[in-house]
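**Q** What follows is work_6.cif; its format and atoms are mmCIF, C-alpha atoms.
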```
data_structure
loop_
_atom_site.label_atom_id
_atom_site.label_comp_id
_atom_site.auth_asym_id
_atom_site.auth_seq_id
_atom_site.Cartn_x
_atom_site.Cartn_y
_atom_site.Cartn_z
CA MET A 1 -75.54 -193.84 143.62
CA SER A 2 -77.77 -191.55 141.60
CA VAL A 3 -75.95 -189.46 139.02
CA THR A 4 -76.98 -186.64 136.69
CA ARG A 5 -76.87 -187.42 132.98
CA VAL A 6 -77.24 -185.60 129.69
CA HIS A 7 -78.12 -187.66 126.62
CA ASN A 8 -78.37 -187.10 122.88
CA PHE A 9 -77.53 -183.44 123.20
CA SER A 10 -76.74 -182.27 119.69
CA ILE A 11 -74.67 -179.26 118.76
CA SER A 12 -73.31 -177.92 115.50
CA LEU A 13 -69.60 -177.86 114.72
CA ASP A 14 -69.61 -174.24 115.79
CA GLY A 15 -71.19 -175.13 119.11
CA PHE A 16 -74.82 -174.09 118.74
CA GLY A 17 -77.42 -176.29 120.41
CA THR A 18 -80.26 -174.47 118.74
CA GLY A 19 -80.63 -171.88 116.02
CA GLU A 20 -81.98 -168.39 115.91
CA GLY A 21 -85.64 -167.45 115.55
CA LEU A 22 -87.33 -170.03 117.77
CA SER A 23 -91.11 -170.17 117.47
CA LEU A 24 -94.07 -172.50 117.69
CA ASP A 25 -93.49 -173.45 114.06
CA ALA A 26 -89.69 -173.65 114.34
CA PRO A 27 -88.71 -175.15 117.72
CA PHE A 28 -85.02 -175.00 116.74
CA GLY A 29 -85.23 -171.82 114.67
CA HIS A 30 -83.20 -171.71 111.49
CA ALA A 31 -81.47 -174.94 112.51
CA GLY A 32 -84.64 -176.83 111.61
CA GLU A 33 -84.23 -180.54 112.27
CA ARG A 34 -80.63 -180.69 111.08
CA LEU A 35 -79.18 -181.19 114.55
CA HIS A 36 -81.27 -184.30 115.11
CA GLU A 37 -81.38 -186.14 111.82
CA TRP A 38 -78.78 -188.60 113.11
CA MET A 39 -81.23 -189.53 115.88
CA PHE A 40 -84.30 -189.80 113.66
CA ALA A 41 -82.42 -192.48 111.73
CA THR A 42 -81.97 -194.73 114.79
CA ARG A 43 -84.07 -197.63 115.97
CA PHE A 44 -84.37 -195.80 119.31
CA TRP A 45 -86.27 -193.03 117.62
CA GLY A 46 -88.35 -195.36 115.48
CA GLU A 47 -89.57 -197.19 118.55
CA MET A 48 -90.36 -193.97 120.35
CA VAL A 49 -92.54 -192.62 117.57
CA GLY A 50 -94.03 -195.99 116.68
CA GLN A 51 -92.36 -196.36 113.30
CA PRO A 52 -90.53 -199.63 112.68
CA GLY A 53 -87.01 -199.56 111.32
CA GLY A 54 -84.04 -197.41 112.07
CA GLY A 55 -80.34 -198.12 112.41
CA HIS A 56 -78.77 -200.43 114.98
CA GLY A 57 -75.32 -198.87 114.70
CA VAL A 58 -73.27 -196.74 117.02
CA ASP A 59 -75.70 -193.82 116.85
CA ASN A 60 -78.42 -196.09 118.17
CA ALA A 61 -76.15 -197.55 120.83
CA PHE A 62 -75.64 -194.09 122.23
CA ALA A 63 -79.18 -192.85 121.69
CA GLN A 64 -80.96 -195.66 123.50
CA GLN A 65 -79.19 -194.84 126.75
CA HIS A 66 -81.60 -191.94 127.08
CA GLY A 67 -84.24 -193.81 129.08
CA PRO A 68 -82.94 -196.69 131.21
CA GLY A 69 -82.18 -195.90 134.83
CA ILE A 70 -83.67 -192.43 134.75
CA GLY A 71 -86.04 -191.45 137.57
CA ALA A 72 -86.65 -187.78 136.78
CA GLU A 73 -85.86 -185.13 134.18
CA ILE A 74 -85.06 -181.46 134.60
CA MET A 75 -85.67 -179.23 131.59
CA GLY A 76 -85.73 -175.55 130.83
CA ALA A 77 -88.70 -173.44 129.86
CA GLY A 78 -87.30 -173.26 126.35
CA LYS A 79 -87.45 -177.02 125.97
CA TYR A 80 -90.94 -177.21 127.41
CA GLY A 81 -92.44 -174.72 125.02
CA TYR A 82 -92.12 -172.01 122.41
CA PRO A 83 -91.34 -168.42 123.44
CA GLY A 84 -94.58 -167.25 125.06
CA TRP A 85 -96.03 -170.66 125.94
CA HIS A 86 -96.69 -169.42 129.45
CA LYS A 87 -99.45 -167.19 128.09
CA ASP A 88 -101.32 -170.27 126.85
CA PRO A 89 -103.03 -172.00 129.79
CA GLU A 90 -103.67 -175.07 127.64
CA TRP A 91 -100.03 -175.66 126.65
CA GLN A 92 -98.80 -179.07 127.80
CA GLY A 93 -95.43 -179.27 126.02
CA TRP A 94 -94.48 -180.33 122.51
CA TRP A 95 -94.93 -184.04 122.93
CA GLY A 96 -98.68 -184.76 122.89
CA PRO A 97 -100.60 -186.68 125.53
CA ASN A 98 -97.86 -189.30 126.16
CA PRO A 99 -94.50 -187.50 126.38
CA PRO A 100 -91.30 -189.52 126.05
CA PHE A 101 -90.13 -188.91 129.62
CA HIS A 102 -92.26 -191.34 131.67
CA THR A 103 -91.06 -189.88 134.96
CA PRO A 104 -91.55 -186.75 137.05
CA THR A 105 -90.27 -183.92 134.87
CA PHE A 106 -89.26 -180.61 136.39
CA VAL A 107 -89.59 -177.52 134.22
CA LEU A 108 -87.45 -174.54 135.29
CA THR A 109 -89.45 -171.41 134.57
CA HIS A 110 -90.30 -168.04 135.99
CA HIS A 111 -93.91 -168.77 135.02
CA THR A 112 -94.92 -171.61 137.29
CA ARG A 113 -98.26 -173.36 137.14
CA GLU A 114 -99.90 -176.38 138.76
CA PRO A 115 -98.43 -179.80 138.00
CA ILE A 116 -99.78 -181.57 134.92
CA ASP A 117 -100.26 -185.34 134.89
CA MET A 118 -99.74 -186.77 131.43
CA ALA A 119 -100.17 -190.33 130.20
CA GLY A 120 -97.27 -192.78 130.39
CA GLY A 121 -95.88 -191.65 133.74
CA THR A 122 -94.81 -188.13 132.87
CA THR A 123 -95.85 -185.44 135.35
CA PHE A 124 -94.70 -181.91 134.66
CA TYR A 125 -93.78 -179.86 137.72
CA PHE A 126 -92.94 -176.18 137.36
CA LEU A 127 -90.20 -174.69 139.50
CA ASP A 128 -88.77 -171.19 139.65
CA THR A 129 -85.49 -171.98 141.34
CA SER A 130 -81.75 -172.62 140.94
CA PRO A 131 -80.17 -175.67 139.31
CA ALA A 132 -79.07 -176.97 142.71
CA GLU A 133 -82.55 -176.64 144.22
CA ALA A 134 -84.17 -178.20 141.18
CA LEU A 135 -81.74 -181.10 141.44
CA LYS A 136 -82.70 -181.58 145.07
CA ALA A 137 -86.38 -181.83 144.12
CA ALA A 138 -85.59 -184.20 141.24
CA ARG A 139 -83.48 -186.44 143.46
CA GLU A 140 -86.33 -186.77 145.93
CA ALA A 141 -88.63 -187.78 143.11
CA ALA A 142 -86.15 -190.17 141.50
CA GLY A 143 -85.10 -192.16 144.55
CA GLU A 144 -82.12 -194.33 143.63
CA LEU A 145 -82.46 -193.61 139.95
CA ASP A 146 -80.53 -191.08 137.90
CA ILE A 147 -81.58 -187.57 136.91
CA ARG A 148 -81.57 -186.58 133.27
CA ILE A 149 -80.72 -182.95 132.54
CA GLY A 150 -82.81 -182.63 129.42
CA GLY A 151 -81.80 -179.23 128.05
CA GLY A 152 -82.17 -176.90 126.28
CA VAL A 153 -78.82 -175.36 125.78
CA THR A 154 -78.99 -172.82 128.58
CA VAL A 155 -80.02 -175.38 131.16
CA VAL A 156 -77.21 -177.77 130.26
CA ARG A 157 -74.75 -174.89 130.35
CA ASP A 158 -76.04 -173.68 133.73
CA PHE A 159 -75.77 -177.17 135.22
CA LEU A 160 -72.25 -177.57 133.82
CA ALA A 161 -71.24 -174.20 135.24
CA ALA A 162 -72.63 -175.25 138.62
CA ARG A 163 -70.62 -178.50 138.33
CA LEU A 164 -73.78 -180.55 138.61
CA ILE A 165 -73.37 -182.86 135.59
CA ASP A 166 -71.83 -186.30 136.13
CA HIS A 167 -72.19 -187.80 132.68
CA MET A 168 -72.77 -185.98 129.42
CA HIS A 169 -73.29 -187.27 125.89
CA VAL A 170 -72.87 -184.53 123.29
CA VAL A 171 -73.28 -185.19 119.58
CA VAL A 172 -71.36 -182.91 117.24
CA VAL A 173 -73.13 -182.58 113.90
CA PRO A 174 -70.94 -181.40 110.98
CA ILE A 175 -72.92 -178.29 110.13
CA LEU A 176 -72.16 -174.64 110.79
CA LEU A 177 -75.22 -172.82 112.11
CA GLY A 178 -73.45 -169.50 112.53
CA ARG A 179 -75.96 -168.20 115.07
CA GLY A 180 -78.19 -169.40 117.85
CA VAL A 181 -77.45 -170.44 121.42
CA ARG A 182 -73.95 -171.70 122.21
CA LEU A 183 -73.40 -174.58 124.60
CA TRP A 184 -69.81 -173.87 125.61
CA ASP A 185 -69.83 -170.19 126.56
CA GLY A 186 -68.30 -169.47 129.94
CA LEU A 187 -67.15 -173.02 130.62
CA GLU A 188 -63.39 -172.58 130.37
CA GLY A 189 -61.51 -175.44 131.95
CA ILE A 190 -64.41 -177.76 132.77
CA GLU A 191 -62.70 -180.56 130.85
CA GLU A 192 -60.46 -180.97 133.89
CA ASP A 193 -63.37 -182.55 135.75
CA TYR A 194 -64.02 -185.17 133.10
CA GLN A 195 -62.66 -188.04 131.15
CA ILE A 196 -63.66 -187.32 127.59
CA GLU A 197 -64.03 -189.86 124.81
CA ALA A 198 -64.74 -189.16 121.14
CA THR A 199 -66.40 -191.71 118.87
CA ALA A 200 -66.82 -190.90 115.20
CA SER A 201 -69.89 -192.44 113.60
CA PRO A 202 -70.20 -193.51 109.98
CA SER A 203 -73.23 -191.21 109.85
CA GLY A 204 -70.88 -188.24 110.10
CA VAL A 205 -71.58 -187.16 113.66
CA THR A 206 -69.11 -187.45 116.52
CA HIS A 207 -70.24 -188.68 119.91
CA LEU A 208 -68.46 -187.09 122.86
CA THR A 209 -68.89 -188.54 126.30
CA PHE A 210 -67.89 -186.69 129.43
CA THR A 211 -67.53 -188.82 132.54
CA ARG A 212 -66.81 -187.11 135.82
CA SER A 213 -63.41 -188.25 137.02
CA VAL A 214 -63.33 -186.55 140.43
CA ARG A 215 -66.29 -186.65 142.80
CA MET B 216 -54.51 -179.52 89.52
CA SER B 217 -53.15 -177.39 92.34
CA VAL B 218 -55.44 -177.18 95.35
CA THR B 219 -55.39 -175.19 98.59
CA ARG B 220 -54.95 -177.18 101.77
CA VAL B 221 -55.06 -176.61 105.51
CA HIS B 222 -53.27 -179.11 107.73
CA ASN B 223 -52.98 -179.83 111.43
CA PHE B 224 -55.15 -176.88 112.34
CA SER B 225 -56.07 -177.39 115.98
CA ILE B 226 -59.05 -175.90 117.76
CA SER B 227 -60.58 -176.39 121.16
CA LEU B 228 -63.97 -178.00 121.66
CA ASP B 229 -65.41 -174.52 121.91
CA GLY B 230 -63.84 -173.55 118.60
CA PHE B 231 -60.85 -171.41 119.56
CA GLY B 232 -57.73 -171.76 117.43
CA THR B 233 -55.67 -169.70 119.81
CA GLY B 234 -56.12 -168.28 123.29
CA GLU B 235 -56.18 -164.80 124.70
CA GLY B 236 -53.12 -162.74 125.61
CA LEU B 237 -50.74 -163.55 122.75
CA SER B 238 -47.17 -162.37 123.24
CA LEU B 239 -43.57 -163.19 122.44
CA ASP B 240 -43.50 -165.48 125.47
CA ALA B 241 -46.95 -166.96 124.86
CA PRO B 242 -47.54 -167.46 121.13
CA PHE B 243 -50.94 -169.06 121.82
CA GLY B 244 -51.78 -166.97 124.89
CA HIS B 245 -53.49 -168.72 127.77
CA ALA B 246 -53.94 -171.81 125.56
CA GLY B 247 -50.25 -172.55 125.97
CA GLU B 248 -49.29 -175.68 124.04
CA ARG B 249 -52.48 -177.56 124.86
CA LEU B 250 -53.86 -177.34 121.33
CA HIS B 251 -50.80 -179.03 119.88
CA GLU B 252 -49.78 -181.72 122.34
CA TRP B 253 -51.34 -184.35 120.07
CA MET B 254 -48.91 -183.27 117.33
CA PHE B 255 -45.83 -183.10 119.53
CA ALA B 256 -46.41 -186.80 120.29
CA THR B 257 -46.20 -187.84 116.62
CA ARG B 258 -43.25 -189.15 114.65
CA PHE B 259 -43.90 -186.30 112.19
CA TRP B 260 -43.05 -183.77 114.86
CA GLY B 261 -40.11 -185.73 116.19
CA GLU B 262 -38.52 -185.79 112.76
CA MET B 263 -39.14 -182.10 112.25
CA VAL B 264 -37.44 -181.08 115.48
CA GLY B 265 -34.72 -183.72 115.23
CA GLN B 266 -35.87 -185.85 118.15
CA PRO B 267 -36.28 -189.55 117.47
CA GLY B 268 -39.46 -191.29 118.51
CA GLY B 269 -43.07 -190.30 118.37
CA GLY B 270 -46.25 -192.18 117.56
CA HIS B 271 -47.01 -193.88 114.24
CA GLY B 272 -50.77 -193.94 114.83
CA VAL B 273 -53.64 -192.08 113.25
CA ASP B 274 -52.49 -188.70 114.58
CA ASN B 275 -49.20 -189.16 112.74
CA ALA B 276 -50.94 -190.37 109.59
CA PHE B 277 -52.82 -187.10 109.45
CA ALA B 278 -49.97 -184.87 110.63
CA GLN B 279 -47.39 -186.01 108.07
CA GLN B 280 -49.58 -184.85 105.18
CA HIS B 281 -48.45 -181.32 106.05
CA GLY B 282 -45.47 -181.26 103.72
CA PRO B 283 -45.72 -183.47 100.65
CA GLY B 284 -46.97 -181.84 97.48
CA ILE B 285 -46.90 -178.30 98.87
CA GLY B 286 -45.26 -175.61 96.73
CA ALA B 287 -46.03 -172.49 98.77
CA GLU B 288 -47.57 -171.41 102.06
CA ILE B 289 -49.73 -168.42 102.90
CA MET B 290 -49.79 -167.32 106.51
CA GLY B 291 -51.07 -164.35 108.50
CA ALA B 292 -49.04 -161.77 110.36
CA GLY B 293 -50.16 -163.36 113.62
CA LYS B 294 -48.59 -166.68 112.67
CA TYR B 295 -45.40 -165.03 111.50
CA GLY B 296 -44.76 -163.14 114.70
CA TYR B 297 -45.90 -161.86 118.07
CA PRO B 298 -48.05 -158.72 118.29
CA GLY B 299 -45.61 -155.93 117.39
CA TRP B 300 -43.03 -158.01 115.50
CA HIS B 301 -43.13 -155.48 112.68
CA LYS B 302 -41.34 -152.99 114.93
CA ASP B 303 -38.36 -155.36 115.13
CA PRO B 304 -36.32 -155.20 111.91
CA GLU B 305 -34.42 -158.36 112.91
CA TRP B 306 -37.51 -160.55 113.39
CA GLN B 307 -37.46 -163.55 111.05
CA GLY B 308 -40.36 -165.61 112.39
CA TRP B 309 -40.61 -168.07 115.25
CA TRP B 310 -38.81 -170.95 113.61
CA GLY B 311 -35.09 -170.17 113.65
CA PRO B 312 -32.76 -170.19 110.64
CA ASN B 313 -34.36 -173.27 108.97
CA PRO B 314 -38.15 -172.89 109.16
CA PRO B 315 -40.32 -175.95 108.54
CA PHE B 316 -41.89 -174.63 105.32
CA HIS B 317 -39.15 -175.23 102.72
CA THR B 318 -41.04 -173.26 100.06
CA PRO B 319 -41.91 -169.69 99.23
CA THR B 320 -44.01 -168.50 102.16
CA PHE B 321 -46.30 -165.48 101.81
CA VAL B 322 -47.00 -163.46 104.93
CA LEU B 323 -50.17 -161.34 104.82
CA THR B 324 -49.45 -158.14 106.70
CA HIS B 325 -50.02 -154.41 106.59
CA HIS B 326 -46.33 -154.03 107.49
CA THR B 327 -44.49 -155.32 104.46
CA ARG B 328 -40.72 -155.60 104.22
CA GLU B 329 -38.20 -157.02 101.77
CA PRO B 330 -38.24 -160.81 101.21
CA ILE B 331 -36.12 -162.88 103.58
CA ASP B 332 -34.25 -165.94 102.34
CA MET B 333 -33.95 -168.56 105.04
CA ALA B 334 -32.13 -171.89 104.98
CA GLY B 335 -33.89 -175.01 103.77
CA GLY B 336 -35.83 -173.42 100.94
CA THR B 337 -38.08 -171.08 102.88
CA THR B 338 -38.31 -167.53 101.57
CA PHE B 339 -40.66 -165.16 103.35
CA TYR B 340 -42.50 -162.69 101.11
CA PHE B 341 -44.61 -159.97 102.68
CA LEU B 342 -47.87 -158.97 101.03
CA ASP B 343 -50.51 -156.44 101.98
CA THR B 344 -53.35 -157.79 99.88
CA SER B 345 -56.54 -159.85 99.79
CA PRO B 346 -56.75 -163.64 100.15
CA ALA B 347 -57.53 -164.00 96.44
CA GLU B 348 -54.53 -161.89 95.37
CA ALA B 349 -52.23 -163.67 97.79
CA LEU B 350 -53.39 -166.97 96.38
CA LYS B 351 -52.59 -165.79 92.88
CA ALA B 352 -49.03 -164.97 93.93
CA ALA B 353 -48.65 -168.27 95.75
CA ARG B 354 -49.92 -170.23 92.75
CA GLU B 355 -47.35 -168.59 90.54
CA ALA B 356 -44.64 -169.57 92.98
CA ALA B 357 -45.94 -173.11 93.48
CA GLY B 358 -46.38 -174.18 89.87
CA GLU B 359 -48.25 -177.47 89.78
CA LEU B 360 -47.94 -178.00 93.50
CA ASP B 361 -50.52 -177.25 96.17
CA ILE B 362 -50.81 -174.18 98.37
CA ARG B 363 -50.94 -174.60 102.12
CA ILE B 364 -53.04 -172.04 104.01
CA GLY B 365 -51.02 -172.05 107.18
CA GLY B 366 -53.11 -169.98 109.56
CA GLY B 367 -53.52 -168.43 112.06
CA VAL B 368 -57.17 -168.57 112.83
CA THR B 369 -58.17 -165.36 111.10
CA VAL B 370 -56.43 -166.28 107.86
CA VAL B 371 -58.07 -169.70 107.69
CA ARG B 372 -61.43 -168.11 108.43
CA ASP B 373 -60.92 -165.43 105.77
CA PHE B 374 -59.98 -168.01 103.15
CA LEU B 375 -62.96 -170.16 104.09
CA ALA B 376 -65.27 -167.15 103.86
CA ALA B 377 -63.82 -166.37 100.43
CA ARG B 378 -64.46 -170.02 99.43
CA LEU B 379 -60.77 -170.49 98.67
CA ILE B 380 -60.07 -173.66 100.66
CA ASP B 381 -60.25 -177.02 98.86
CA HIS B 382 -59.11 -179.37 101.59
CA MET B 383 -59.04 -178.72 105.31
CA HIS B 384 -57.82 -180.84 108.20
CA VAL B 385 -59.06 -179.56 111.55
CA VAL B 386 -58.17 -181.23 114.83
CA VAL B 387 -60.63 -180.81 117.67
CA VAL B 388 -58.89 -181.02 121.04
CA PRO B 389 -61.15 -181.83 124.01
CA ILE B 390 -60.41 -178.72 126.04
CA LEU B 391 -62.53 -175.63 126.63
CA LEU B 392 -60.48 -172.47 126.25
CA GLY B 393 -63.40 -170.15 126.88
CA ARG B 394 -61.73 -167.19 125.12
CA GLY B 395 -59.42 -166.42 122.26
CA VAL B 396 -59.99 -166.36 118.50
CA ARG B 397 -62.80 -168.49 117.10
CA LEU B 398 -62.39 -170.34 113.82
CA TRP B 399 -66.04 -170.73 112.88
CA ASP B 400 -67.45 -167.22 113.25
CA GLY B 401 -69.38 -166.01 110.25
CA LEU B 402 -69.15 -169.27 108.31
CA GLU B 403 -72.79 -170.39 108.42
CA GLY B 404 -73.55 -173.01 105.82
CA ILE B 405 -70.04 -173.62 104.46
CA GLU B 406 -70.46 -177.34 105.15
CA GLU B 407 -72.59 -177.47 102.01
CA ASP B 408 -69.42 -177.09 99.91
CA TYR B 409 -67.65 -180.03 101.53
CA GLN B 410 -67.71 -183.67 102.27
CA ILE B 411 -66.81 -183.92 105.92
CA GLU B 412 -65.33 -186.93 107.67
CA ALA B 413 -64.67 -187.33 111.37
CA THR B 414 -62.03 -189.69 112.75
CA ALA B 415 -61.68 -190.11 116.49
CA SER B 416 -58.16 -190.82 117.67
CA PRO B 417 -57.22 -192.88 120.72
CA SER B 418 -55.27 -189.80 121.84
CA GLY B 419 -58.58 -188.04 122.48
CA VAL B 420 -58.59 -185.62 119.57
CA THR B 421 -60.96 -185.81 116.62
CA HIS B 422 -59.68 -185.27 113.09
CA LEU B 423 -62.14 -183.54 110.77
CA THR B 424 -61.44 -183.44 107.07
CA PHE B 425 -63.29 -181.14 104.72
CA THR B 426 -63.02 -182.05 101.05
CA ARG B 427 -64.57 -179.71 98.52
CA SER B 428 -67.35 -181.53 96.76
CA VAL B 429 -68.30 -178.95 94.14
CA ARG B 430 -65.71 -177.16 92.07
#
```
Just give me the structure as structure tokens.

**A**
Amino acid sequence: MSVTRVHNFSISLDGFGTGEGLSLDAPFGHAGERLHEWMFATRFWGEMVGQPGGGHGVDNAFAQQHGPGIGAEIMGAGKYGYPGWHKDPEWQGWWGPNPPFHTPTFVLTHHTREPIDMAGGTTFYFLDTSPAEALKAAREAAGELDIRIGGGVTVVRDFLAARLIDHMHVVVVPILLGRGVRLWDGLEGIEEDYQIEATASPSGVTHLTFTRSVR
Amino acid sequence: MSVTRVHNFSISLDGFGTGEGLSLDAPFGHAGERLHEWMFATRFWGEMVGQPGGGHGVDNAFAQQHGPGIGAEIMGAGKYGYPGWHKDPEWQGWWGPNPPFHTPTFVLTHHTREPIDMAGGTTFYFLDTSPAEALKAAREAAGELDIRIGGGVTVVRDFLAARLIDHMHVVVVPILLGRGVRLWDGLEGIEEDYQIEATASPSGVTHLTFTRSVR
């Protein structure tokens, strides 16, 4: 049975999934790359960017679950591009000609455009619709495989609020951003739907996994 | 050297140290006792309330550090009593005749009153002053021993903002309260002063320790 999954979703100790002041030059605003340094140090990341090396520890064990079994991704406009990307007809996302998705990838945006075929199996589709409708489209594209809810923060939060996430991997990074976009706002009580495990990593981050306990 | 310490300070995954709607009947508001169930299950708690039993695991190992080496506590008005306690001349705190502090205990409040001697070594002193001044008074009372910053949320946050906390033990409970009083507001960047460790407990909570790295 196809499930919806969130992977490698990093937040600060104070719950921010991105900082303030997002721009083309600062995709995570004042947070910089601090939320993702744990991931850059993994073998998973090294392989993705073509650099040998990287840790094989618990951070890698979690991180490398990002790809296998996924048949489609859903992401928000804020993950696809910088504020204002929709005014640039040439914009094709942050990831270069071969994005690390390798599946149909549905971008939720009020500024739709024609699908874009990228190398490596990624095709970007642009939808102006609800989480539930986007999930329907992604399920059709993914067949038996799972759907990754790719973020950013608002999209993960919207899917959680709509009770559409089956498995979620959140990584709590021990920094205090103070400002930005919060993951947890408006989600009182959702822990009742999940079994939650915490795994502390020697790197300093804590991996939280949410597994839906009632279907 | 006497240091300031915070112990057993529980917050929800979304960072609330207490809920909404605090009252005499609901000291933590809609949070109820959910933030502290991990502690009630420890041997530390059992001994404090005179009930045998309780776990000897990692939760207890952390919890029992609450008392040893402490020579004074500083707490806020909201830990000492329910909203409006200052209108009750008979109010002597939540803890009965023998409170679990056993030291001079300084209550920060705009509604001061005469000191109250309780059994077991606790004396409540009431101060209407700043964190730094309160700490000075507590240090005089504590001698060589450490000062515990006892909470509630606002007091811990104020002492953190004033850079007056040397060691902090925060317990993240995997629930989403959605509303209440946040610990982390306005504390951007304070992680730079600390070495932070995370320890996941089989009980589901995560123990975070902050140890000041620069004096």

**Q** Given the file shown, determine the residues that the PyMOL selection byres ((chain B and resi 347-358) around 6) selects; report them as a list in words.

**A**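 Matching residues under the PyMOL selection byres ((chain B and resi 347-358) around 6) are Gly286, Ala287, Ser345, Pro346, Glu359 and Leu360 of chain B.
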
**Q** Considering all atoms listed in the file, state which residue in the set A:His86, A:Arg182, A:His7, A:His169 is at the smallest distance from Phe210 (chain A).

**A** A:His169

**Q** Using all atoms listed in the file, determine which residues lie at most 8 Å from Glu73 (chain A), disregarding the query and same-chain residues fewer than 4 positions distant; provide the list as number ranges by chain.

**A** A: 101, 103-106, 138, 147-150

**Q** Identify all residues satisfying the PyMOL selection byres ((chain B) within 8 of (chain A)) in the given file; provide them as a ChimeraX atom specification.

**A** /B:229-230,389-394,399-406,411-416,419-421

**Q** I'd like the interatomic distance between CA of Phe159 (chain A) and CA of Ala26 (chain A), to a tenth of an Å.

**A**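 Interatomic distance, CA of Phe159 (chain A) to CA of Ala26 (chain A): 25.3 Å.
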
**Q** How big is the axis-aligned box around all listed atoms of region 225-236 of chain B once 5 Å goes on each side, and where's its centre, in Å to one decimal, as AutoDock Vina command-line options?

**A**
```
--center_x -59.3 --center_y -170.4 --center_z 120.8 --size_x 22.3 --size_y 25.3 --size_z 19.6
```

**Q** Evaluate the PyMOL selection byres ((chain A and resi 89) around 12) here and jot the selected residues down as a compact mmCIF listing (two decimals) with C-alpha atoms, in the frame of the given file.

**A**
```txt
# COMPACT_ATOMS: atom_id res chain seq x y z
CA GLY A 81 -92.44 -174.72 125.02
CA GLY A 84 -94.58 -167.25 125.06
CA TRP A 85 -96.03 -170.66 125.94
CA HIS A 86 -96.69 -169.42 129.45
CA LYS A 87 -99.45 -167.19 128.09
CA ASP A 88 -101.32 -170.27 126.85
CA GLU A 90 -103.67 -175.07 127.64
CA TRP A 91 -100.03 -175.66 126.65
CA GLN A 92 -98.80 -179.07 127.80
CA GLY A 93 -95.43 -179.27 126.02
CA HIS A 111 -93.91 -168.77 135.02
CA THR A 112 -94.92 -171.61 137.29
CA ARG A 113 -98.26 -173.36 137.14
CA GLU A 114 -99.90 -176.38 138.76
CA ILE A 116 -99.78 -181.57 134.92
```
